[in-house]
Each structure stands twice: as C-alpha cells, then as structure tokens.
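S.K.: For reference, this is coords_32.txt, and it has compact mmCIF, C-alpha atoms and all ligand atoms.
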# COMPACT_ATOMS: atom_id res chain seq x y z
CA MET A 1353 9.70 36.49 -11.98
CA ILE A 1354 6.25 36.62 -13.55
CA TYR A 1355 6.13 33.57 -15.79
CA LEU A 1356 3.63 33.95 -18.63
CA ASP A 1357 5.16 31.52 -21.13
CA ASN A 1358 3.32 28.36 -20.10
CA ASN A 1359 2.76 27.20 -23.70
CA SER A 1360 6.56 26.78 -23.90
CA THR A 1361 6.71 24.81 -20.70
CA THR A 1362 5.02 24.82 -17.29
CA PRO A 1363 6.53 24.67 -13.81
CA VAL A 1364 6.27 21.17 -12.30
CA LEU A 1365 3.69 21.16 -9.50
CA PRO A 1366 4.89 20.18 -5.99
CA GLU A 1367 2.32 17.30 -5.91
CA VAL A 1368 3.86 15.96 -9.13
CA ILE A 1369 7.39 16.04 -7.70
CA GLU A 1370 6.06 14.34 -4.56
CA ALA A 1371 4.54 11.54 -6.64
CA MET A 1372 7.80 11.03 -8.56
CA LEU A 1373 10.14 10.83 -5.56
CA PRO A 1374 9.50 7.18 -4.55
CA CYS A 1375 10.53 6.11 -8.07
CA PHE A 1376 14.06 7.38 -7.36
CA ALA A 1377 14.11 5.53 -4.01
CA GLU A 1378 12.26 2.36 -2.96
CA SER A 1379 10.52 1.88 -6.34
CA PHE A 1380 13.62 2.31 -8.52
CA GLY A 1381 13.26 -1.13 -10.17
CA ASN A 1382 12.98 -2.00 -13.82
CA PRO A 1383 9.25 -2.50 -14.46
CA SER A 1384 10.04 -5.54 -16.63
CA SER A 1385 11.74 -7.35 -13.69
CA ILE A 1386 9.56 -9.97 -12.02
CA HIS A 1387 10.94 -9.47 -8.48
CA ALA A 1388 9.29 -7.25 -5.88
CA CYS A 1389 11.38 -4.20 -6.73
CA GLY A 1390 10.40 -4.42 -10.40
CA ARG A 1391 6.77 -5.11 -9.53
CA ARG A 1392 6.66 -1.95 -7.41
CA ALA A 1393 7.85 0.13 -10.37
CA LEU A 1394 5.33 -1.64 -12.63
CA ALA A 1395 2.51 -0.84 -10.19
CA HIS A 1396 3.45 2.87 -10.27
CA MET A 1397 3.48 2.78 -14.06
CA LYS A 1398 0.12 1.01 -14.18
CA GLU A 1399 -1.45 3.73 -12.05
CA ALA A 1400 0.06 6.43 -14.30
CA ARG A 1401 -1.35 4.69 -17.38
CA GLN A 1402 -4.81 4.69 -15.79
CA GLN A 1403 -4.48 8.40 -14.94
CA VAL A 1404 -3.51 9.29 -18.51
CA ALA A 1405 -6.32 7.09 -19.88
CA ALA A 1406 -8.81 8.89 -17.61
CA LEU A 1407 -7.66 12.28 -18.93
CA LEU A 1408 -8.04 11.11 -22.53
CA ASP A 1409 -11.23 9.04 -22.06
CA CYS A 1410 -9.64 5.86 -23.40
CA GLU A 1411 -8.51 2.41 -22.21
CA PRO A 1412 -5.17 2.14 -20.36
CA ALA A 1413 -4.03 -0.40 -22.99
CA GLU A 1414 -4.42 2.33 -25.62
CA VAL A 1415 -1.74 4.52 -23.95
CA THR A 1416 1.89 4.25 -25.12
CA PHE A 1417 4.46 6.24 -23.15
CA THR A 1418 6.92 8.30 -25.18
CA SER A 1419 9.62 10.91 -24.57
CA GLY A 1420 7.17 13.77 -25.27
CA GLY A 1421 5.15 15.54 -27.93
CA THR A 1422 7.81 15.46 -30.63
CA GLU A 1423 8.26 11.71 -30.37
CA GLY A 1424 4.50 11.13 -30.22
CA ASP A 1425 3.95 13.14 -33.41
CA ASN A 1426 6.88 11.46 -35.18
CA LEU A 1427 5.69 8.00 -34.16
CA ALA A 1428 2.12 8.70 -35.26
CA LEU A 1429 3.05 9.91 -38.73
CA LYS A 1430 6.06 7.72 -39.52
CA GLY A 1431 4.38 4.70 -37.96
CA MET A 1432 1.23 5.03 -40.08
CA LEU A 1433 2.51 6.03 -43.50
CA ASN A 1434 4.24 4.21 -46.36
CA PRO A 1435 5.74 5.60 -49.59
CA GLY A 1436 2.91 6.45 -51.98
CA ASP A 1437 0.45 7.29 -49.18
CA HIS A 1438 -1.24 10.67 -48.98
CA LEU A 1439 -1.34 12.67 -45.73
CA ILE A 1440 -3.49 15.74 -44.99
CA VAL A 1441 -2.22 18.17 -42.32
CA SER A 1442 -3.08 21.75 -41.45
CA ALA A 1443 -0.64 24.54 -42.30
CA ILE A 1444 -0.53 25.61 -38.64
CA GLU A 1445 0.78 22.38 -37.12
CA HIS A 1446 3.76 22.41 -34.75
CA SER A 1447 7.17 21.77 -36.27
CA ALA A 1448 7.02 18.28 -34.72
CA ILE A 1449 4.47 17.55 -37.48
CA LEU A 1450 5.59 19.89 -40.27
CA ALA A 1451 9.23 18.79 -40.18
CA VAL A 1452 8.12 15.14 -40.35
CA CYS A 1453 6.03 16.06 -43.42
CA HIS A 1454 9.19 17.31 -45.15
CA TRP A 1455 10.93 14.04 -44.35
CA LEU A 1456 7.95 11.96 -45.46
CA GLU A 1457 7.85 13.78 -48.80
CA LYS A 1458 11.43 12.71 -49.38
CA GLN A 1459 10.37 9.11 -48.63
CA GLY A 1460 7.73 9.28 -51.39
CA CYS A 1461 4.62 10.31 -49.45
CA GLU A 1462 2.24 12.95 -50.80
CA ILE A 1463 1.31 15.75 -48.41
CA THR A 1464 -1.52 18.31 -48.57
CA ARG A 1465 -1.19 21.26 -46.19
CA VAL A 1466 -4.63 22.75 -45.67
CA GLY A 1467 -4.84 26.48 -44.85
CA VAL A 1468 -6.82 28.21 -42.10
CA ASN A 1469 -9.30 31.10 -42.09
CA ALA A 1470 -8.53 34.57 -40.70
CA HIS A 1471 -9.43 33.36 -37.19
CA GLY A 1472 -6.81 30.62 -37.39
CA GLN A 1473 -9.26 27.75 -37.76
CA VAL A 1474 -9.17 24.90 -40.23
CA GLU A 1475 -12.46 24.67 -42.13
CA PRO A 1476 -13.52 21.01 -42.10
CA GLU A 1477 -14.76 21.12 -45.69
CA THR A 1478 -11.23 21.93 -46.87
CA ILE A 1479 -10.16 18.63 -45.33
CA ARG A 1480 -12.95 16.80 -47.15
CA ALA A 1481 -11.97 18.51 -50.41
CA ALA A 1482 -8.34 17.42 -49.98
CA LEU A 1483 -9.20 13.71 -49.67
CA ARG A 1484 -7.75 11.46 -52.38
CA LYS A 1485 -7.99 7.76 -53.17
CA ASN A 1486 -4.61 7.18 -51.51
CA THR A 1487 -5.25 9.34 -48.39
CA ARG A 1488 -4.23 7.22 -45.41
CA LEU A 1489 -4.02 9.72 -42.56
CA ILE A 1490 -5.32 13.14 -41.50
CA SER A 1491 -3.39 15.01 -38.78
CA VAL A 1492 -4.87 18.23 -37.36
CA MET A 1493 -3.94 19.63 -33.96
CA MET A 1494 -6.57 20.16 -31.26
CA ALA A 1495 -5.34 23.60 -30.09
CA ASN A 1496 -2.73 25.78 -31.72
CA ASN A 1497 0.36 26.48 -29.64
CA GLU A 1498 0.70 30.13 -30.73
CA THR A 1499 -2.89 31.39 -30.76
CA GLY A 1500 -4.65 28.81 -28.59
CA VAL A 1501 -7.32 28.49 -31.30
CA LEU A 1502 -9.27 25.25 -30.98
CA GLN A 1503 -9.67 23.25 -34.16
CA PRO A 1504 -12.91 21.49 -35.17
CA VAL A 1505 -11.48 18.05 -34.46
CA GLU A 1506 -14.82 16.32 -33.89
CA GLU A 1507 -16.03 17.33 -37.35
CA ILE A 1508 -12.70 16.32 -38.87
CA GLY A 1509 -12.98 13.00 -37.02
CA ARG A 1510 -16.38 12.42 -38.65
CA ILE A 1511 -14.97 13.24 -42.10
CA ALA A 1512 -12.08 10.82 -41.51
CA ALA A 1513 -14.46 8.05 -40.40
CA GLU A 1514 -16.75 8.56 -43.41
CA ALA A 1515 -13.76 8.38 -45.73
CA ASP A 1516 -12.27 5.40 -43.86
CA VAL A 1517 -9.05 7.33 -43.22
CA TRP A 1518 -6.99 7.23 -39.97
CA PHE A 1519 -7.07 10.41 -37.88
CA HIS A 1520 -4.32 11.77 -35.60
CA THR A 1521 -4.59 14.87 -33.45
CA ASP A 1522 -1.79 16.65 -31.58
CA ALA A 1523 -3.47 17.54 -28.27
CA VAL A 1524 -0.29 18.82 -26.60
CA GLN A 1525 -1.68 22.35 -26.12
CA ALA A 1526 -5.27 21.32 -25.44
CA ALA A 1527 -4.60 18.95 -22.55
CA GLY A 1528 -5.61 20.27 -19.17
CA LYS A 1529 -7.20 23.35 -20.78
CA VAL A 1530 -10.29 21.76 -22.34
CA PRO A 1531 -11.81 18.28 -21.87
CA ILE A 1532 -10.38 15.65 -24.21
CA SER A 1533 -12.38 12.60 -25.19
CA THR A 1534 -10.77 10.36 -27.77
CA LYS A 1535 -14.21 8.77 -28.16
CA LYS A 1536 -15.99 12.06 -28.96
CA ILE A 1537 -13.19 13.24 -31.26
CA GLY A 1538 -13.19 9.87 -32.99
CA CYS A 1539 -9.41 10.01 -33.42
CA ASP A 1540 -7.26 6.91 -33.83
CA LEU A 1541 -4.08 8.52 -32.52
CA LEU A 1542 -3.53 11.47 -30.15
CA THR A 1543 -0.34 13.06 -28.82
CA LEU A 1544 0.16 14.31 -25.25
CA SER A 1545 3.19 15.91 -23.55
CA ALA A 1546 3.70 16.15 -19.77
CA HIS A 1547 5.59 19.43 -19.59
CA LYS A 1548 2.67 21.46 -20.92
CA ILE A 1549 0.44 20.26 -18.05
CA HIS A 1550 2.78 20.96 -15.12
CA GLY A 1551 4.53 17.59 -15.43
CA PRO A 1552 8.21 16.90 -16.16
CA GLN A 1553 9.93 17.55 -19.48
CA GLY A 1554 10.89 14.64 -21.74
CA VAL A 1555 7.85 12.41 -21.27
CA GLY A 1556 4.51 12.08 -23.00
CA ALA A 1557 2.05 9.59 -24.37
CA LEU A 1558 0.56 8.52 -27.66
CA PHE A 1559 -3.04 7.30 -27.60
CA LEU A 1560 -3.48 4.51 -30.10
CA ARG A 1561 -7.00 3.19 -30.62
CA GLN A 1562 -7.13 -0.58 -30.39
CA GLY A 1563 -6.56 -2.06 -33.84
CA THR A 1564 -4.62 0.90 -35.26
CA PRO A 1565 -1.75 -0.62 -37.27
CA LEU A 1566 1.21 1.44 -36.03
CA ARG A 1567 4.74 0.46 -37.11
CA PRO A 1568 7.20 1.05 -34.25
CA GLN A 1569 10.09 3.37 -35.01
CA LEU A 1570 12.45 1.85 -32.45
CA HIS A 1571 13.46 -1.81 -32.30
CA GLY A 1572 14.40 -3.55 -29.09
CA GLY A 1573 12.53 -5.12 -26.19
CA HIS A 1574 8.88 -5.86 -25.66
CA GLN A 1575 8.08 -2.70 -23.64
CA GLU A 1576 4.90 -0.73 -24.40
CA ARG A 1577 3.52 -3.73 -26.36
CA ARG A 1578 6.56 -3.41 -28.65
CA ARG A 1579 5.25 -0.06 -29.91
CA ARG A 1580 8.00 1.81 -28.11
CA PRO A 1581 10.80 -0.45 -26.86
CA GLY A 1582 13.31 0.63 -24.22
CA THR A 1583 13.25 0.61 -20.42
CA GLU A 1584 10.54 3.04 -19.41
CA ASN A 1585 11.38 6.32 -17.67
CA VAL A 1586 9.31 5.39 -14.62
CA PRO A 1587 9.75 8.57 -12.52
CA ALA A 1588 8.81 10.76 -15.49
CA ILE A 1589 5.87 8.52 -16.40
CA VAL A 1590 4.63 8.73 -12.81
CA GLY A 1591 4.99 12.53 -13.06
CA LEU A 1592 2.92 12.49 -16.25
CA GLY A 1593 0.27 10.40 -14.47
CA ALA A 1594 0.09 12.79 -11.50
CA ALA A 1595 -0.02 15.82 -13.80
CA SER A 1596 -2.83 14.17 -15.80
CA ARG A 1597 -4.83 13.52 -12.62
CA ILE A 1598 -4.44 17.16 -11.53
CA ALA A 1599 -5.21 18.44 -15.03
CA GLN A 1600 -8.39 16.40 -15.12
CA ALA A 1601 -9.50 17.67 -11.69
CA GLY A 1602 -8.79 21.23 -12.87
CA LEU A 1603 -11.41 20.89 -15.60
CA THR A 1604 -14.22 20.73 -13.05
CA ASP A 1605 -12.93 22.52 -9.92
CA GLY A 1606 -13.07 26.07 -11.29
CA SER A 1607 -9.34 26.44 -12.08
CA ILE A 1608 -9.95 26.64 -15.82
CA GLU A 1609 -12.61 29.34 -15.39
CA ARG A 1610 -10.18 31.26 -13.15
CA LEU A 1611 -7.49 31.14 -15.86
CA GLY A 1612 -10.01 32.18 -18.50
CA SER A 1613 -11.11 35.22 -16.52
CA LEU A 1614 -7.48 36.28 -15.87
CA ARG A 1615 -6.77 35.97 -19.60
CA ASP A 1616 -9.93 37.96 -20.45
CA ARG A 1617 -8.97 40.68 -17.95
CA LEU A 1618 -5.52 40.90 -19.58
CA GLU A 1619 -7.00 41.22 -23.06
CA SER A 1620 -9.65 43.80 -22.17
CA ALA A 1621 -7.20 45.93 -20.16
CA ILE A 1622 -4.64 45.92 -22.98
CA ALA A 1623 -7.35 46.77 -25.52
CA SER A 1624 -8.37 49.81 -23.48
CA LEU A 1625 -4.87 50.98 -22.49
CA VAL A 1626 -2.85 50.36 -25.64
CA PRO A 1627 -3.98 51.68 -29.03
CA GLU A 1628 -3.56 49.67 -32.24
CA THR A 1629 -3.70 46.20 -30.75
CA ARG A 1630 -5.67 43.14 -31.80
CA VAL A 1631 -6.03 39.65 -30.34
CA ASN A 1632 -5.02 37.14 -33.00
CA GLY A 1633 -7.61 34.37 -33.26
CA CYS A 1634 -10.19 36.13 -31.08
CA GLY A 1635 -13.01 35.27 -33.49
CA ALA A 1636 -12.63 31.54 -32.81
CA PRO A 1637 -12.98 29.36 -29.70
CA ARG A 1638 -9.66 29.30 -27.84
CA VAL A 1639 -8.10 27.50 -24.89
CA PRO A 1640 -8.52 29.72 -21.80
CA ASN A 1641 -4.85 30.32 -20.97
CA THR A 1642 -3.50 31.74 -24.25
CA SER A 1643 -3.48 35.23 -25.65
CA ASN A 1644 -1.69 36.20 -28.85
CA ILE A 1645 -1.74 39.96 -29.26
CA LEU A 1646 -0.65 42.07 -32.20
CA PHE A 1647 0.93 45.38 -31.09
CA GLU A 1648 1.16 47.27 -34.39
CA HIS A 1649 4.55 48.92 -35.07
CA THR A 1650 6.27 47.27 -32.11
CA GLY A 1651 8.99 44.71 -32.68
CA GLY A 1652 7.83 41.60 -30.80
CA GLU A 1653 11.38 40.54 -30.00
CA ALA A 1654 12.22 43.97 -28.55
CA LEU A 1655 9.05 43.74 -26.45
CA VAL A 1656 9.96 40.25 -25.18
CA LEU A 1657 13.41 41.52 -24.18
CA ALA A 1658 12.06 44.71 -22.56
CA LEU A 1659 9.60 42.66 -20.49
CA ASP A 1660 12.33 40.20 -19.60
CA GLU A 1661 14.33 43.11 -18.15
CA LEU A 1662 11.34 43.70 -15.86
CA GLY A 1663 11.22 40.02 -14.85
CA ILE A 1664 8.26 39.07 -17.04
CA ALA A 1665 8.63 36.00 -19.26
CA VAL A 1666 6.51 35.96 -22.44
CA SER A 1667 7.34 34.88 -25.97
CA ARG A 1668 6.92 35.75 -29.61
CA GLY A 1669 5.64 32.30 -30.54
CA ALA A 1670 6.67 28.65 -30.43
CA ALA A 1671 9.70 28.19 -28.16
CA CYS A 1672 11.56 26.17 -30.79
CA SER A 1673 11.31 28.96 -33.38
CA ALA A 1674 10.58 32.08 -31.28
CA GLY A 1675 14.26 33.00 -31.26
CA ALA A 1676 14.36 33.00 -35.04
CA ALA A 1677 13.88 36.26 -36.90
CA ASP A 1678 11.43 34.55 -39.26
CA PRO A 1679 7.80 35.65 -38.95
CA SER A 1680 5.39 33.08 -37.50
CA SER A 1681 4.01 30.77 -40.19
CA VAL A 1682 0.87 30.33 -38.07
CA LEU A 1683 0.09 34.06 -38.04
CA MET A 1684 1.04 34.42 -41.71
CA ALA A 1685 -1.38 31.57 -42.55
CA MET A 1686 -4.08 33.69 -40.84
CA GLY A 1687 -3.33 36.57 -43.20
CA LEU A 1688 -1.06 38.74 -41.04
CA SER A 1689 1.82 40.47 -42.80
CA GLY A 1690 5.42 39.61 -41.90
CA GLU A 1691 5.69 42.86 -39.93
CA GLN A 1692 2.42 42.19 -38.05
CA SER A 1693 3.53 38.68 -37.25
CA ARG A 1694 6.85 39.99 -35.89
CA SER A 1695 4.91 42.52 -33.78
CA SER A 1696 2.78 39.86 -32.05
CA LEU A 1697 3.30 38.54 -28.56
CA ARG A 1698 2.17 35.25 -27.00
CA ILE A 1699 1.16 35.48 -23.36
CA SER A 1700 0.27 32.10 -21.86
CA LEU A 1701 -0.95 31.58 -18.30
CA GLY A 1702 -0.51 28.57 -16.03
CA LYS A 1703 -1.98 27.19 -12.82
CA GLN A 1704 0.46 29.34 -10.81
CA SER A 1705 -0.63 32.64 -12.46
CA THR A 1706 -2.28 35.14 -10.10
CA ALA A 1707 -4.48 38.22 -10.52
CA ASP A 1708 -1.68 40.36 -9.07
CA GLU A 1709 0.78 39.06 -11.70
CA ILE A 1710 -1.68 39.85 -14.47
CA GLU A 1711 -2.16 43.44 -13.21
CA LYS A 1712 1.64 43.90 -13.11
CA ALA A 1713 1.98 42.42 -16.59
CA ILE A 1714 -0.74 44.74 -17.97
CA ALA A 1715 1.06 47.80 -16.58
CA ALA A 1716 4.46 46.63 -17.82
CA ILE A 1717 3.23 45.72 -21.30
CA SER A 1718 1.43 49.02 -21.85
CA ASP A 1719 4.49 50.92 -20.59
CA CYS A 1720 6.98 48.97 -22.74
CA VAL A 1721 4.83 49.20 -25.89
CA GLY A 1722 4.52 52.98 -25.41
CA LYS A 1723 8.28 53.38 -25.01
CA LEU A 1724 9.15 51.11 -27.94
CA ARG A 1725 6.73 52.94 -30.23
CA GLN A 1726 8.13 56.28 -29.11
CA ASN A 1727 11.70 55.09 -29.82
CA SER A 1728 10.77 53.82 -33.25
CA THR A 1729 9.08 57.17 -34.08
CA ILE A 1730 12.26 58.99 -33.00
CA CYS A 1731 14.34 56.61 -35.15
CA TRP A 1732 12.09 57.17 -38.17
CA SER A 1733 12.12 60.96 -37.79
CA LYS A 1734 15.95 61.09 -37.54
C1 LIG A 1801 1.38 21.61 -30.37
C2 LIG A 1801 2.69 21.02 -29.96
N1 LIG A 1801 3.03 19.81 -30.41
C3 LIG A 1801 4.19 19.23 -30.08
C4 LIG A 1801 5.08 19.85 -29.24
C5 LIG A 1801 6.36 19.18 -28.89
O1 LIG A 1801 6.28 18.66 -27.59
P1 LIG A 1801 7.62 18.31 -26.76
O2 LIG A 1801 8.21 19.61 -26.35
O3 LIG A 1801 7.09 17.50 -25.60
O4 LIG A 1801 8.48 17.50 -27.65
C6 LIG A 1801 4.78 21.12 -28.74
C7 LIG A 1801 5.74 21.86 -27.88
O5 LIG A 1801 5.79 23.07 -27.88
C8 LIG A 1801 3.55 21.72 -29.10
O6 LIG A 1801 3.21 22.93 -28.66
I'd like the structure from this file rewritten - as structure tokens, please.

M.R.:
Amino acid sequence: MIYLDNNSTTPVLPEVIEAMLPCFAESFGNPSSIHACGRRALAHMKEARQQVAALLDCEPAEVTFTSGGTEGDNLALKGMLNPGDHLIVSAIEHSAILAVCHWLEKQGCEITRVGVNAHGQVEPETIRAALRKNTRLISVMMANNETGVLQPVEEIGRIAAEADVWFHTDAVQAAGKVPISTKKIGCDLLTLSAHKIHGPQGVGALFLRQGTPLRPQLHGGHQERRRRPGTENVPAIVGLGAASRIAQAGLTDGSIERLGSLRDRLESAIASLVPETRVNGCGAPRVPNTSNILFEHTGGEALVLALDELGIAVSRGAACSAGAADPSSVLMAMGLSGEQSRSSLRISLGKQSTADEIEKAIAAISDCVGKLRQNSTICWSK
C-alpha cells in the first residue's frame, strides 16, 4: 500500500512503540501511587511532559494530557467560555471546533465565524474587526487539515494581546511540520494530537499558559492539576512524548525539507501531466506534507476509490467528513464551487513516504483522472 493520507492519521513509528512497551510491563503502575511501581510510571510521564513541552516551547507544567485533538479543542472552548461571552473562530476550523461552536451558541454564547481569502488564509484585520466588548476568546487553527495552509497566528496573537482577549490555536496539523513556539505565537491555549505526528491514536495535549483560568470539563481526582481528572493513559502519553521528540528532531535534520521536495515534485508533475488542475491554497504558505489538488470535472470520491483499487490511500478531505457527499466547507470558504470542491483530492505525506511511492502515485493519479474524465464524457454524450 502507498499511504498518502497522513493528515487523517500517521503510522506509529517503531521507536514510539519501543518507548511505550515498558509501560505495559514493568512500569504498568498508576502514576498517582506512591510506591516504586507507581513512581516508575510517573517518571515516564514526567519525561513525556518534558518532551511535549520542548516541542511546544513551553513549561512542562503548562502541558495537560488529553485523549486527543477533539478533547483538547472541546476543553479549550468549553473551559474558557460562559453564557453571554463572545467567541471569534475562523470558518475553516476542524469540526472539533465548529461543532463546539454550535453547542456553545445553544448555551448562550455569541460566535463570529470569520471567513478566509481565496488562498485559504484568515486575514488578521478581519479578526480585529470582529472584536466586541464581550469577546473573551479567539480560536484560529495554525494549519488547515485539508489544504495545509498556515494561518497568521502570530499576528492574531498580537491582536488578542492588544485587546486583552484569550487566544487558542489548534496546532494538530502544524505539529512536526513547522516549528511551534507558544511564546512566539503568544497563545494562551494550544491543542496537540499524537496520531498526526506518528504517535498513537487517542492521546494528545492541551497547552495552557500559566494563569489561564480554564474550567475543567470532567470532575474526579486530582490528576493533571485537576484540569483533566482520571487515571492517565501512561503508555499512550509516553508514545506522545516519544513522537514529540522525534517530530522536534525532524524539524532540523532535513526530514521536513525532504517531505517538502517530494510534495513539490508531486505537484509539479501533476501540473504538467494532467490538464485542468490547480493546487488549492498554493498562494499561501503551507505545511510541507500537504497537497490539495482540484481535478476539474473528476468526482473526487470516484478518484479516491479508483486509487484505492491500485493500493494508494488518499482522501477527499477531513477523515471525519470525507465520506460524506457534502462539499468541503473549507474549500467552499475559499470560493470553490460545490462541484470543484467535490473534485478536489487531499494527498498528505508522512515520514515513511518515499520518492518511489510519489512517482507511482503521480503515474496512477494521472492515469485514473484521464480514465474518469473519459468515462464522464462518454456518459454525457450518451
Ligand atoms: C485540525 C484538527 N483538529 C482536531 C482534530 C481532531 O483530533 P483527534 O483525531 O485527535 O481527536 C483533527 C483531526 O483530524 C484535526 O485535523
């Protein structure tokens, strides 16, 4: 199989599995227990917290472990807002934010969804213009999951600070692909998920700047400074720590540049081999692993299925909605028509991707698009 759907999830690296194994064996203890077995588990968790903090450029005490990106986003928004508060989000957030916005509206919060330009980027001044007296929080993602477009989070962070408003960013798709510094961004909360950085599924972290008044959403024990009670998932947390360490190393050892050049090769080859294509978001800075390509007059779902037949895994968009027939709200917000959005494909590379795989994918994509277009012409002419 050629797996090019790494924005949905990434394969767990062997080093990550290796790091997790002791937590199922000699270090199986409850990290809250004071005996040696518990202390061993606690020591593993402490190291993981330091590794996550190093990736995010923050203090270990500012890291709260969660069950993943969805929980982190839910905790950030629900934990910061009260009825009557105003929240500003971008229209291209993941459903882990947008669905919470729906819920918050029902609880009496006011929400402004700010649009994006044709390149898929939020314009910071639209955030400033949306500020109100009762604005309590701004939440704008760092990199979009469908297009990979990077958002101007540092500028938004400055606007939030000037207005004395809390700022959350969902960095799930940015982590491991670009450097993240919570200090430079100036965010108060930031969401991370392990399974997008070659760690295990079902674990993540929420960065919470010291002094940020978050209301926990679960009630129970004293774990995670009472911000997220419940016995910690130590093996998964250790996996997140190892994945964070490897992701951080990858930012300076040339692996990111390698991914970027594979992605660029894919895009330039497709542009020269397949007529009527366009890279969605190409006018903006993007993470180096993601390519979202519009193949005019080609059903994206049919293309995903045709490539799957050939053993190539790609997707039409976000994994949680890619199966749905609805067009992508992200691409529609960028001005694509419903038909163009349905004819777009997301190809996302991972650490395991090779040049040979990319060459095979280029050949398969150009072949499948040609055949699908030919079939649809035959259908139309019948
Ligand atoms: C930008 C973004 N935020 C949040 C999530 C949800 O993360 P998780 O799958 O860990 O719940 C995803 C997953 O696709 C994502 O891409």

S.K.: Go through A:Ser1695, A:Thr1629, A:Asn1382, A:Thr1543 and flag the residue nearest Ala1448 of chain A, using all atoms listed in the file for the distances.

M.R.: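 Closest residue, counting all atoms listed in the file: A:Thr1543.
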
S.K.: As a quick test: using all atoms listed in the file, which residues lie no more than 8 Å away from ligand LIG 1801 (chain A)? Give them as a ChimeraX atom specification.

M.R.: /A:1359-1361,1419-1425,1445-1449,1493,1495-1498,1522-1525,1543-1548,1553-1556,1670-1672

S.K.: Store the residues of this selection in a file with C-alpha atoms, as a PDB file, in the frame of the given file.

M.R.:
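As a result, out-v9.pdb now contains:
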ATOM      1  CA  ASN A1359       2.760  27.200 -23.700  1.00  0.00           C
ATOM      2  CA  SER A1360       6.560  26.780 -23.900  1.00  0.00           C
ATOM      3  CA  THR A1361       6.710  24.810 -20.700  1.00  0.00           C
ATOM      4  CA  SER A1419       9.620  10.910 -24.570  1.00  0.00           C
ATOM      5  CA  GLY A1420       7.170  13.770 -25.270  1.00  0.00           C
ATOM      6  CA  GLY A1421       5.150  15.540 -27.930  1.00  0.00           C
ATOM      7  CA  THR A1422       7.810  15.460 -30.630  1.00  0.00           C
ATOM      8  CA  GLU A1423       8.260  11.710 -30.370  1.00  0.00           C
ATOM      9  CA  GLY A1424       4.500  11.130 -30.220  1.00  0.00           C
ATOM     10  CA  ASP A1425       3.950  13.140 -33.410  1.00  0.00           C
ATOM     11  CA  GLU A1445       0.780  22.380 -37.120  1.00  0.00           C
ATOM     12  CA  HIS A1446       3.760  22.410 -34.750  1.00  0.00           C
ATOM     13  CA  SER A1447       7.170  21.770 -36.270  1.00  0.00           C
ATOM     14  CA  ALA A1448       7.020  18.280 -34.720  1.00  0.00           C
ATOM     15  CA  ILE A1449       4.470  17.550 -37.480  1.00  0.00           C
ATOM     16  CA  MET A1493      -3.940  19.630 -33.960  1.00  0.00           C
ATOM     17  CA  ALA A1495      -5.340  23.600 -30.090  1.00  0.00           C
ATOM     18  CA  ASN A1496      -2.730  25.780 -31.720  1.00  0.00           C
ATOM     19  CA  ASN A1497       0.360  26.480 -29.640  1.00  0.00           C
ATOM     20  CA  GLU A1498       0.700  30.130 -30.730  1.00  0.00           C
ATOM     21  CA  ASP A1522      -1.790  16.650 -31.580  1.00  0.00           C
ATOM     22  CA  ALA A1523      -3.470  17.540 -28.270  1.00  0.00           C
ATOM     23  CA  VAL A1524      -0.290  18.820 -26.600  1.00  0.00           C
ATOM     24  CA  GLN A1525      -1.680  22.350 -26.120  1.00  0.00           C
ATOM     25  CA  THR A1543      -0.340  13.060 -28.820  1.00  0.00           C
ATOM     26  CA  LEU A1544       0.160  14.310 -25.250  1.00  0.00           C
ATOM     27  CA  SER A1545       3.190  15.910 -23.550  1.00  0.00           C
ATOM     28  CA  ALA A1546       3.700  16.150 -19.770  1.00  0.00           C
ATOM     29  CA  HIS A1547       5.590  19.430 -19.590  1.00  0.00           C
ATOM     30  CA  LYS A1548       2.670  21.460 -20.920  1.00  0.00           C
ATOM     31  CA  GLN A1553       9.930  17.550 -19.480  1.00  0.00           C
ATOM     32  CA  GLY A1554      10.890  14.640 -21.740  1.00  0.00           C
ATOM     33  CA  VAL A1555       7.850  12.410 -21.270  1.00  0.00           C
ATOM     34  CA  GLY A1556       4.510  12.080 -23.000  1.00  0.00           C
ATOM     35  CA  ALA A1670       6.670  28.650 -30.430  1.00  0.00           C
ATOM     36  CA  ALA A1671       9.700  28.190 -28.160  1.00  0.00           C
ATOM     37  CA  CYS A1672      11.560  26.170 -30.790  1.00  0.00           C
TER      38      CYS A1672
END

S.K.: Could you check the closest approach to Gly1563 of chain A for each of A:Leu1541, A:Ala1527, A:Ile1386, A:Gly1612 and tell me which residue wins, using only C-alpha atoms?

M.R.: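 The closest residue to Gly1563 of chain A is A:Leu1541.
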
S.K.: Using Å and a single decimal, report how far atom CA of Cys1539 of chain A sits from atom CA of Pro1587 of chain A.

M.R.: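 Computing the Euclidean distance for atom CA of Pro1587 of chain A and atom CA of Cys1539 of chain A yields 28.4 Å.
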
S.K.: Which residue, A:Pro1627, A:Pro1383, A:Gly1551, A:Gly1472, has the smallest gap to Lys1398 of chain A when you use only C-alpha atoms?

M.R.: A:Pro1383

S.K.: Restricting the calculation to all atoms listed in the file, which member of A:Lys1485, A:Arg1401, A:Arg1725, A:His1649 is positioned closest to Arg1694 of chain A?

M.R.: A:His1649

S.K.: Which one of A:Ser1718, A:Thr1464, A:Thr1416, A:Ser1596 sits closest to Ile1532 of chain A if you count only C-alpha atoms?

M.R.: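 Of all the options, A:Ser1596 lies closest to Ile1532 of chain A.
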
S.K.: Using only C-alpha atoms, list the residues that have an atom at most 12 Å from (-15.8, 9.4, -39.7), coordinates as in the file, as JSON, numbers by chain.

M.R.: {"A": [1480, 1490, 1505, 1506, 1507, 1508, 1509, 1510, 1511, 1512, 1513, 1514, 1515, 1516, 1517, 1518, 1519, 1535, 1536, 1537, 1538, 1539, 1540]}
